[in-house]
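Shown here: data10.cif, mmCIF, C-alpha atoms.
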```cif
data_structure
#
loop_
_atom_site.group_PDB
_atom_site.id
_atom_site.type_symbol
_atom_site.label_atom_id
_atom_site.label_comp_id
_atom_site.auth_asym_id
_atom_site.auth_seq_id
_atom_site.Cartn_x
_atom_site.Cartn_y
_atom_site.Cartn_z
ATOM 1 C CA MET A 1 32.944 -15.910 18.556
ATOM 2 C CA GLU A 2 35.538 -13.148 18.722
ATOM 3 C CA ARG A 3 35.946 -13.083 14.934
ATOM 4 C CA SER A 4 32.161 -12.841 14.586
ATOM 5 C CA ALA A 5 32.023 -9.863 16.953
ATOM 6 C CA VAL A 6 34.810 -8.114 15.062
ATOM 7 C CA SER A 7 33.138 -8.686 11.712
ATOM 8 C CA THR A 8 29.862 -7.288 13.072
ATOM 9 C CA ARG A 9 31.621 -4.147 14.268
ATOM 10 C CA THR A 10 33.302 -3.610 10.907
ATOM 11 C CA VAL A 11 30.124 -3.755 8.824
ATOM 12 C CA PRO A 12 29.976 -0.278 7.261
ATOM 13 C CA ILE A 13 27.051 2.042 7.874
ATOM 14 C CA PRO A 14 25.086 2.181 4.599
ATOM 15 C CA ALA A 15 25.126 5.343 2.549
ATOM 16 C CA LEU A 16 22.054 7.569 2.765
ATOM 17 C CA GLY A 17 21.282 7.020 -0.922
ATOM 18 C CA ASP A 18 21.210 3.248 -0.431
ATOM 19 C CA VAL A 19 18.920 3.586 2.588
ATOM 20 C CA VAL A 20 16.535 5.741 0.553
ATOM 21 C CA ARG A 21 16.603 3.189 -2.248
ATOM 22 C CA LEU A 22 15.803 0.456 0.282
ATOM 23 C CA LEU A 23 12.756 2.445 1.426
ATOM 24 C CA LYS A 24 11.551 2.792 -2.216
ATOM 25 C CA PRO A 25 10.085 6.327 -2.397
ATOM 26 C CA ILE A 26 8.137 5.406 -5.540
ATOM 27 C CA THR A 27 5.884 3.200 -3.385
ATOM 28 C CA TRP A 28 4.956 6.015 -1.022
ATOM 29 C CA PHE A 29 2.522 7.703 -3.400
ATOM 30 C CA PRO A 30 -0.499 5.340 -2.977
ATOM 31 C CA PRO A 31 -0.719 5.598 0.828
ATOM 32 C CA MET A 32 -0.022 9.334 0.714
ATOM 33 C CA TRP A 33 -2.818 9.776 -1.851
ATOM 34 C CA ALA A 34 -5.168 7.700 0.313
ATOM 35 C CA PHE A 35 -4.169 9.806 3.337
ATOM 36 C CA MET A 36 -5.113 12.933 1.377
ATOM 37 C CA CYS A 37 -8.467 11.351 0.484
ATOM 38 C CA GLY A 38 -9.058 10.629 4.157
ATOM 39 C CA ALA A 39 -8.239 14.190 5.135
ATOM 40 C CA VAL A 40 -10.577 15.551 2.455
ATOM 41 C CA SER A 41 -13.391 13.170 3.419
ATOM 42 C CA SER A 42 -13.331 14.544 6.975
ATOM 43 C CA GLY A 43 -14.607 17.911 5.757
ATOM 44 C CA VAL A 44 -12.309 19.672 8.225
ATOM 45 C CA GLY A 45 -10.305 22.685 7.062
ATOM 46 C CA LEU A 46 -6.519 22.917 7.308
ATOM 47 C CA ASP A 47 -6.440 25.881 9.665
ATOM 48 C CA GLY A 48 -4.601 24.888 12.812
ATOM 49 C CA ARG A 49 -4.113 21.310 11.543
ATOM 50 C CA TRP A 50 -0.916 21.680 9.538
ATOM 51 C CA PHE A 51 1.231 19.903 12.129
ATOM 52 C CA PHE A 52 -1.097 16.904 12.022
ATOM 53 C CA VAL A 53 -1.370 16.912 8.229
ATOM 54 C CA LEU A 54 2.373 17.035 7.644
ATOM 55 C CA GLY A 55 2.958 14.431 10.361
ATOM 56 C CA GLY A 56 0.334 12.182 8.801
ATOM 57 C CA VAL A 57 1.852 12.456 5.334
ATOM 58 C CA LEU A 58 5.249 11.593 6.796
ATOM 59 C CA LEU A 59 3.716 8.664 8.659
ATOM 60 C CA ALA A 60 1.776 7.227 5.705
ATOM 61 C CA GLY A 61 4.607 7.501 3.189
ATOM 62 C CA PRO A 62 8.259 7.490 4.311
ATOM 63 C CA LEU A 63 7.662 5.915 7.711
ATOM 64 C CA VAL A 64 5.070 3.110 7.597
ATOM 65 C CA CYS A 65 5.274 2.424 3.864
ATOM 66 C CA GLY A 66 9.056 2.858 3.811
ATOM 67 C CA THR A 67 9.393 0.536 6.789
ATOM 68 C CA SER A 68 7.267 -2.082 5.036
ATOM 69 C CA GLN A 69 9.660 -1.957 2.064
ATOM 70 C CA ALA A 70 12.684 -2.475 4.315
ATOM 71 C CA VAL A 71 10.956 -5.398 6.061
ATOM 72 C CA ASN A 72 10.087 -6.971 2.723
ATOM 73 C CA ASP A 73 13.596 -6.650 1.316
ATOM 74 C CA TRP A 74 15.160 -8.040 4.482
ATOM 75 C CA PHE A 75 13.059 -11.196 4.512
ATOM 76 C CA ASP A 76 13.329 -11.606 0.723
ATOM 77 C CA ARG A 77 17.077 -11.022 0.588
ATOM 78 C CA HIS A 78 17.882 -14.619 -0.411
ATOM 79 C CA VAL A 79 15.368 -14.595 -3.274
ATOM 80 C CA ASP A 80 16.488 -11.121 -4.352
ATOM 81 C CA ALA A 81 20.085 -12.374 -4.452
ATOM 82 C CA ILE A 82 18.939 -14.565 -7.359
ATOM 83 C CA ASN A 83 16.292 -12.426 -9.062
ATOM 84 C CA GLU A 84 17.399 -8.833 -8.321
ATOM 85 C CA PRO A 85 20.995 -8.931 -7.052
ATOM 86 C CA ASP A 86 21.421 -5.180 -7.554
ATOM 87 C CA ARG A 87 19.040 -4.332 -4.701
ATOM 88 C CA PRO A 88 20.709 -2.670 -1.685
ATOM 89 C CA ILE A 89 20.749 -5.735 0.589
ATOM 90 C CA PRO A 90 21.841 -8.553 -1.772
ATOM 91 C CA SER A 91 24.346 -6.248 -3.465
ATOM 92 C CA GLY A 92 26.041 -5.636 -0.104
ATOM 93 C CA ARG A 93 25.509 -1.877 -0.134
ATOM 94 C CA VAL A 94 23.261 -2.356 2.905
ATOM 95 C CA ALA A 95 25.408 -5.022 4.521
ATOM 96 C CA GLY A 96 25.241 -7.264 7.565
ATOM 97 C CA ARG A 97 22.021 -6.888 9.529
ATOM 98 C CA TRP A 98 21.552 -3.239 8.627
ATOM 99 C CA GLY A 99 18.428 -4.058 6.610
ATOM 100 C CA HIS A 100 16.840 -5.515 9.740
ATOM 101 C CA HIS A 101 18.065 -2.625 11.885
ATOM 102 C CA ILE A 102 16.550 -0.074 9.483
ATOM 103 C CA ALA A 103 13.223 -1.909 9.571
ATOM 104 C CA MET A 104 13.257 -1.915 13.383
ATOM 105 C CA ILE A 105 14.196 1.768 13.571
ATOM 106 C CA GLY A 106 11.448 2.632 11.085
ATOM 107 C CA THR A 107 8.925 0.704 13.163
ATOM 108 C CA ALA A 108 9.889 2.523 16.354
ATOM 109 C CA VAL A 109 9.928 5.993 14.770
ATOM 110 C CA SER A 110 6.563 5.322 13.082
ATOM 111 C CA ALA A 111 5.013 4.390 16.425
ATOM 112 C CA VAL A 112 6.362 7.529 18.121
ATOM 113 C CA VAL A 113 5.117 9.858 15.367
ATOM 114 C CA ALA A 114 1.729 8.119 15.326
ATOM 115 C CA TRP A 115 1.402 8.549 19.093
ATOM 116 C CA ALA A 116 1.980 12.285 18.697
ATOM 117 C CA LEU A 117 -0.893 12.447 16.189
ATOM 118 C CA GLY A 118 -3.541 10.923 18.433
ATOM 119 C CA ILE A 119 -4.781 7.619 19.778
ATOM 120 C CA TRP A 120 -6.742 6.573 16.671
ATOM 121 C CA VAL A 121 -3.778 7.297 14.417
ATOM 122 C CA PHE A 122 -1.535 5.383 16.803
ATOM 123 C CA LEU A 123 -3.807 2.330 16.751
ATOM 124 C CA ALA A 124 -4.049 2.444 12.945
ATOM 125 C CA ALA A 125 -0.261 2.693 12.677
ATOM 126 C CA LEU A 126 0.214 -0.312 14.959
ATOM 127 C CA VAL A 127 -2.127 -2.353 12.764
ATOM 128 C CA GLY A 128 -0.294 -1.185 9.645
ATOM 129 C CA LEU A 129 3.107 -2.025 11.087
ATOM 130 C CA ALA A 130 1.911 -5.450 12.246
ATOM 131 C CA LEU A 131 0.609 -6.164 8.745
ATOM 132 C CA ALA A 132 3.877 -4.922 7.224
ATOM 133 C CA TRP A 133 5.852 -7.444 9.256
ATOM 134 C CA GLY A 134 3.287 -10.204 8.831
ATOM 135 C CA TYR A 135 3.254 -9.689 5.060
ATOM 136 C CA SER A 136 6.914 -10.632 4.700
ATOM 137 C CA ALA A 137 8.101 -12.262 7.914
ATOM 138 C CA PRO A 138 7.604 -15.871 8.986
ATOM 139 C CA PRO A 139 5.546 -17.528 10.292
ATOM 140 C CA PHE A 140 2.774 -15.542 8.591
ATOM 141 C CA ARG A 141 4.287 -14.534 5.216
ATOM 142 C CA PHE A 142 0.915 -13.259 3.961
ATOM 143 C CA LYS A 143 2.549 -12.510 0.620
ATOM 144 C CA THR A 144 2.750 -16.221 -0.229
ATOM 145 C CA SER A 145 -1.016 -16.311 -0.836
ATOM 146 C CA GLY A 146 -2.761 -14.548 -3.691
ATOM 147 C CA TRP A 147 -5.723 -13.973 -1.382
ATOM 148 C CA THR A 148 -4.147 -12.672 1.818
ATOM 149 C CA GLY A 149 -1.185 -10.847 0.252
ATOM 150 C CA PRO A 150 -3.141 -8.404 -1.943
ATOM 151 C CA ALA A 151 -5.759 -7.998 0.799
ATOM 152 C CA VAL A 152 -3.117 -6.961 3.334
ATOM 153 C CA VAL A 153 -1.464 -4.504 0.944
ATOM 154 C CA GLY A 154 -4.772 -3.057 -0.265
ATOM 155 C CA PHE A 155 -6.057 -2.572 3.277
ATOM 156 C CA SER A 156 -2.765 -1.050 4.437
ATOM 157 C CA TYR A 157 -2.133 1.249 1.483
ATOM 158 C CA GLU A 158 -5.705 2.411 0.931
ATOM 159 C CA GLY A 159 -7.853 1.717 3.995
ATOM 160 C CA LEU A 160 -5.512 2.426 6.885
ATOM 161 C CA SER A 161 -4.000 5.453 5.156
ATOM 162 C CA TRP A 162 -7.477 6.848 4.423
ATOM 163 C CA PHE A 163 -8.465 6.185 8.040
ATOM 164 C CA THR A 164 -5.330 7.972 9.236
ATOM 165 C CA GLY A 165 -6.071 11.040 7.131
ATOM 166 C CA ALA A 166 -9.612 11.322 8.440
ATOM 167 C CA ALA A 167 -8.603 10.619 12.046
ATOM 168 C CA VAL A 168 -5.801 13.212 11.894
ATOM 169 C CA MET A 169 -8.213 15.907 10.804
ATOM 170 C CA LEU A 170 -11.090 14.943 13.095
ATOM 171 C CA GLY A 171 -9.039 14.036 16.145
ATOM 172 C CA ALA A 172 -11.539 11.236 16.636
ATOM 173 C CA LEU A 173 -12.878 8.024 15.106
ATOM 174 C CA PRO A 174 -14.177 8.818 11.585
ATOM 175 C CA ARG A 175 -17.909 8.518 11.043
ATOM 176 C CA ALA A 176 -19.507 5.392 9.597
ATOM 177 C CA GLU A 177 -19.824 6.658 6.000
ATOM 178 C CA ILE A 178 -16.075 7.267 5.795
ATOM 179 C CA LEU A 179 -15.279 3.856 7.259
ATOM 180 C CA ILE A 180 -17.589 2.078 4.813
ATOM 181 C CA VAL A 181 -16.121 3.820 1.761
ATOM 182 C CA LEU A 182 -12.515 3.242 2.790
ATOM 183 C CA VAL A 183 -13.253 -0.463 3.316
ATOM 184 C CA LEU A 184 -14.826 -0.688 -0.146
ATOM 185 C CA TYR A 185 -11.854 0.993 -1.802
ATOM 186 C CA SER A 186 -9.553 -1.351 0.136
ATOM 187 C CA ILE A 187 -11.454 -4.329 -1.272
ATOM 188 C CA GLY A 188 -11.194 -2.914 -4.769
ATOM 189 C CA ALA A 189 -7.447 -2.443 -4.270
ATOM 190 C CA HIS A 190 -7.164 -6.243 -4.039
ATOM 191 C CA GLY A 191 -7.643 -6.215 -7.810
ATOM 192 C CA ILE A 192 -4.914 -3.609 -8.264
ATOM 193 C CA MET A 193 -2.479 -5.697 -6.244
ATOM 194 C CA THR A 194 -3.399 -8.784 -8.265
ATOM 195 C CA LEU A 195 -2.528 -6.938 -11.485
ATOM 196 C CA ASN A 196 0.872 -6.119 -9.992
ATOM 197 C CA ASP A 197 1.542 -9.859 -9.657
ATOM 198 C CA PHE A 198 1.401 -10.399 -13.429
ATOM 199 C CA LYS A 199 4.964 -9.182 -13.829
ATOM 200 C CA ALA A 200 6.366 -12.019 -11.704
ATOM 201 C CA VAL A 201 4.323 -15.077 -12.658
ATOM 202 C CA GLU A 202 7.302 -17.250 -13.591
ATOM 203 C CA GLY A 203 9.296 -16.237 -10.526
ATOM 204 C CA ASP A 204 6.319 -16.747 -8.214
ATOM 205 C CA ARG A 205 5.664 -20.175 -9.674
ATOM 206 C CA ALA A 206 9.322 -21.168 -9.328
ATOM 207 C CA THR A 207 9.570 -19.994 -5.713
ATOM 208 C CA GLY A 208 6.231 -21.395 -4.574
ATOM 209 C CA LEU A 209 4.359 -18.108 -4.166
ATOM 210 C CA LYS A 210 0.681 -18.784 -4.821
ATOM 211 C CA SER A 211 -0.330 -15.499 -6.411
ATOM 212 C CA LEU A 212 -3.687 -15.465 -8.181
ATOM 213 C CA PRO A 213 -2.079 -15.362 -11.655
ATOM 214 C CA VAL A 214 -0.326 -18.605 -10.641
ATOM 215 C CA THR A 215 -3.308 -20.365 -9.065
ATOM 216 C CA MET A 216 -6.104 -19.041 -11.319
ATOM 217 C CA GLY A 217 -4.112 -18.508 -14.469
ATOM 218 C CA VAL A 218 -3.364 -15.113 -15.972
ATOM 219 C CA ASP A 219 -6.709 -14.814 -17.774
ATOM 220 C CA GLY A 220 -8.747 -15.866 -14.757
ATOM 221 C CA ALA A 221 -6.841 -13.555 -12.408
ATOM 222 C CA ALA A 222 -7.331 -10.625 -14.787
ATOM 223 C CA ARG A 223 -11.094 -11.183 -14.920
ATOM 224 C CA PHE A 224 -11.207 -11.507 -11.146
ATOM 225 C CA ALA A 225 -9.208 -8.293 -10.660
ATOM 226 C CA CYS A 226 -11.504 -6.347 -12.976
ATOM 227 C CA ALA A 227 -14.602 -7.725 -11.256
ATOM 228 C CA VAL A 228 -13.332 -6.825 -7.771
ATOM 229 C CA MET A 229 -12.325 -3.288 -8.735
ATOM 230 C CA SER A 230 -15.611 -2.690 -10.533
ATOM 231 C CA ALA A 231 -17.865 -4.164 -7.844
ATOM 232 C CA ALA A 232 -16.266 -2.065 -5.114
ATOM 233 C CA GLN A 233 -16.815 1.126 -7.104
ATOM 234 C CA VAL A 234 -20.407 0.221 -7.979
ATOM 235 C CA ALA A 235 -21.082 -0.139 -4.244
ATOM 236 C CA VAL A 236 -19.429 3.243 -3.568
ATOM 237 C CA ILE A 237 -21.542 4.906 -6.275
ATOM 238 C CA ALA A 238 -24.752 3.435 -4.875
ATOM 239 C CA LEU A 239 -23.929 4.537 -1.348
ATOM 240 C CA LEU A 240 -22.900 8.050 -2.358
ATOM 241 C CA ALA A 241 -26.190 8.448 -4.231
ATOM 242 C CA PHE A 242 -28.149 7.051 -1.271
ATOM 243 C CA TRP A 243 -26.421 9.498 1.097
ATOM 244 C CA GLY A 244 -27.268 12.415 -1.183
ATOM 245 C CA HIS A 245 -23.809 13.009 -2.650
ATOM 246 C CA THR A 246 -25.190 12.981 -6.197
ATOM 247 C CA LEU A 247 -22.416 14.858 -8.001
ATOM 248 C CA SER A 248 -19.743 12.751 -6.305
ATOM 249 C CA ALA A 249 -21.590 9.575 -7.322
ATOM 250 C CA ILE A 250 -21.756 10.788 -10.928
ATOM 251 C CA VAL A 251 -18.026 11.551 -11.054
ATOM 252 C CA VAL A 252 -17.131 8.125 -9.618
ATOM 253 C CA GLY A 253 -19.528 6.590 -12.165
ATOM 254 C CA VAL A 254 -17.776 8.401 -15.020
ATOM 255 C CA VAL A 255 -14.311 7.244 -13.984
ATOM 256 C CA LEU A 256 -15.634 3.697 -13.554
ATOM 257 C CA ALA A 257 -17.102 3.828 -17.071
ATOM 258 C CA ALA A 258 -13.687 4.880 -18.377
ATOM 259 C CA GLN A 259 -12.098 1.930 -16.571
ATOM 260 C CA LEU A 260 -14.659 -0.452 -18.038
ATOM 261 C CA ALA A 261 -13.826 0.890 -21.500
ATOM 262 C CA ALA A 262 -10.136 0.131 -20.896
ATOM 263 C CA MET A 263 -10.636 -3.352 -19.450
ATOM 264 C CA PRO A 264 -11.195 -5.225 -22.773
ATOM 265 C CA ARG A 265 -7.652 -4.368 -23.856
ATOM 266 C CA LEU A 266 -6.348 -5.685 -20.534
ATOM 267 C CA LEU A 267 -8.362 -8.901 -20.831
ATOM 268 C CA ARG A 268 -7.180 -9.611 -24.392
ATOM 269 C CA ASP A 269 -3.573 -9.936 -23.215
ATOM 270 C CA PRO A 270 -3.388 -9.473 -19.418
ATOM 271 C CA LYS A 271 0.312 -10.071 -18.974
ATOM 272 C CA LYS A 272 1.313 -7.664 -21.725
ATOM 273 C CA SER A 273 -1.303 -5.017 -20.935
ATOM 274 C CA ALA A 274 -1.165 -5.035 -17.125
ATOM 275 C CA PRO A 275 1.492 -2.258 -16.969
ATOM 276 C CA TRP A 276 -0.599 -0.162 -19.368
ATOM 277 C CA TYR A 277 -3.750 -0.707 -17.319
ATOM 278 C CA ASN A 278 -1.887 0.115 -14.112
ATOM 279 C CA ALA A 279 -1.012 3.469 -15.658
ATOM 280 C CA VAL A 280 -4.491 4.187 -17.076
ATOM 281 C CA GLY A 281 -7.101 2.242 -15.128
ATOM 282 C CA VAL A 282 -5.529 2.543 -11.704
ATOM 283 C CA THR A 283 -5.071 6.287 -12.191
ATOM 284 C CA LEU A 284 -8.796 6.544 -12.883
ATOM 285 C CA TYR A 285 -9.498 4.401 -9.808
ATOM 286 C CA VAL A 286 -7.591 6.723 -7.476
ATOM 287 C CA PHE A 287 -9.210 9.812 -9.007
ATOM 288 C CA GLY A 288 -12.519 8.163 -8.179
ATOM 289 C CA MET A 289 -11.294 7.822 -4.587
ATOM 290 C CA LEU A 290 -10.724 11.572 -4.450
ATOM 291 C CA ALA A 291 -14.144 12.269 -5.947
ATOM 292 C CA ALA A 292 -15.755 10.079 -3.292
ATOM 293 C CA ALA A 293 -13.753 11.863 -0.582
ATOM 294 C CA LEU A 294 -14.863 15.270 -1.874
ATOM 295 C CA GLY A 295 -18.462 14.121 -1.669
ATOM 296 C CA LEU A 296 -18.092 12.777 1.858
ATOM 297 C CA GLY A 297 -16.382 15.988 2.930
ATOM 298 C CA GLY A 298 -19.208 18.104 1.534
ATOM 299 C CA TYR A 299 -17.085 19.795 -1.112
ATOM 300 C CA ILE A 300 -19.113 18.581 -4.108
#
```
As structure tokens:
Amino acid sequence: MERSAVSTRTVPIPALGDVVRLLKPITWFPPMWAFMCGAVSSGVGLDGRWFFVLGGVLLAGPLVCGTSQAVNDWFDRHVDAINEPDRPIPSGRVAGRWGHHIAMIGTAVSAVVAWALGIWVFLAALVGLALAWGYSAPPFRFKTSGWTGPAVVGFSYEGLSWFTGAAVMLGALPRAEILIVLVLYSIGAHGIMTLNDFKAVEGDRATGLKSLPVTMGVDGAARFACAVMSAAQVAVIALLAFWGHTLSAIVVGVVLAAQLAAMPRLLRDPKKSAPWYNAVGVTLYVFGMLAAALGLGGYI
């Protein structure tokens, strides 16, 4: 017992660079983009709201998303020791239980910042943090299913971040049109997350993760992903037109048409072309999100 206590005390504090790498800044862009879309969809100007905007960006990206990355790496540290031993935790650069401590600190700081931004932001952050832990941590481990895993990530990255952006600007619960559109884009994001699973089919199969490319096959999962992304955007276009946001509906329709033109290349060889489609098709998808937000906010 005494030796254990000594060894715990001598675990070095990780370097700042290794902590940043653990939090994976490259993953912060999607929720920060969705937050921006939410803020735009509110139709509220920035005057007098800069504190809330900057706090919301910090919350959506480095805090909640960064915390989710630390949680994921902590609970996947044994698998990463085999597949990606150079990551901060399995490599020993973030040693002992520091990975867990960082995840707990990130959770606490996220909750405090969210509370300062308002009750609706606080509630959304609590849901996001709960999903972040449930995605990776037992007993839930949502990531083990190709249905729940992408749904949780899509809803967290797109829906909750969009909700946060709108709630920050409005200081209240966003109106129904905003909620409907953010839910639709969250559903469509399930397809994006499914495409991300193509890069790890062999590893998922070997470790028992039931991603859709594993359970449906690569071709079937690719067709499903395309169908989900397309259907969600068709619904958004129809609703924008019905609500009178004609120009916004047209722009979303144009970017959807461009995605549909790119999908045949993806479907011919999904595993090879998924990274290409993620760069082209997903970029178009998120530009469509912004176009929808501009319509909802009354800008176009």
- Using all atoms listed in the file, find the one residue out of A:Gly96, A:Tyr157, A:Gly118, A:Ser42 that sits nearest to A:Val11. A:Gly96
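Take the candidates A:Leu126, A:Leu296, A:Leu117, A:Ala232 and check each one against A:Gly171 using all atoms listed in the file; the shortest distance goes to A:Leu117.
For the residues A:Gly99, A:Gly38, A:Gly217, A:Pro85, ranking by smallest atom-to-atom distance to A:Ser68 using only C-alpha atoms places A:Gly99 first.
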- Item | Who sits within 6 Å of stretch 252-262 of chain A, all atoms listed in the file, same chain under 4 positions skipped, as a list of chain:residue names | A:Gly281, A:Leu284, A:Gly288
File dump, residues just selected, C-alpha atoms, as a PDB file, keeping the file's coordinate frame:
```pdb
ATOM      1  CA  GLY A 281      -7.101   2.242 -15.128  1.00  0.00           C
ATOM      2  CA  LEU A 284      -8.796   6.544 -12.883  1.00  0.00           C
ATOM      3  CA  GLY A 288     -12.519   8.163  -8.179  1.00  0.00           C
TER       4      GLY A 288
END
```
- List the residues selected by the PyMOL selection byres ((chain A and resi 181) around 10) in the file shown, writing them as a ChimeraX atom specification. /A:41,159,162,176-180,182-187,232-233,235-237,239-240,289,292-293,296
Adding 5 Å on each side of the box along x, y and z that holds all listed atoms of stretch 256-267 of chain A, could you give its centre and edge lengths in Å to one decimal, as lines of an AutoDock Vina configuration file?
```
center_x = -11.7
center_y = -2.0
center_z = -18.7
size_x = 20.8
size_y = 23.8
size_z = 20.3
```
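Using all atoms listed in the file, the nearest neighbour of A:Leu129 within the list A:Ser211, A:Thr148, A:Ser248, A:Asn72 is A:Asn72.
Nearest residue to A:Thr164 among A:Ala137, A:Ala108, A:Ala124, A:Val40 is A:Ala124, counting all atoms listed in the file.
Straight-line separation from atom CA of A:Gly134 to atom CA of A:Val152: 9.0 Å.
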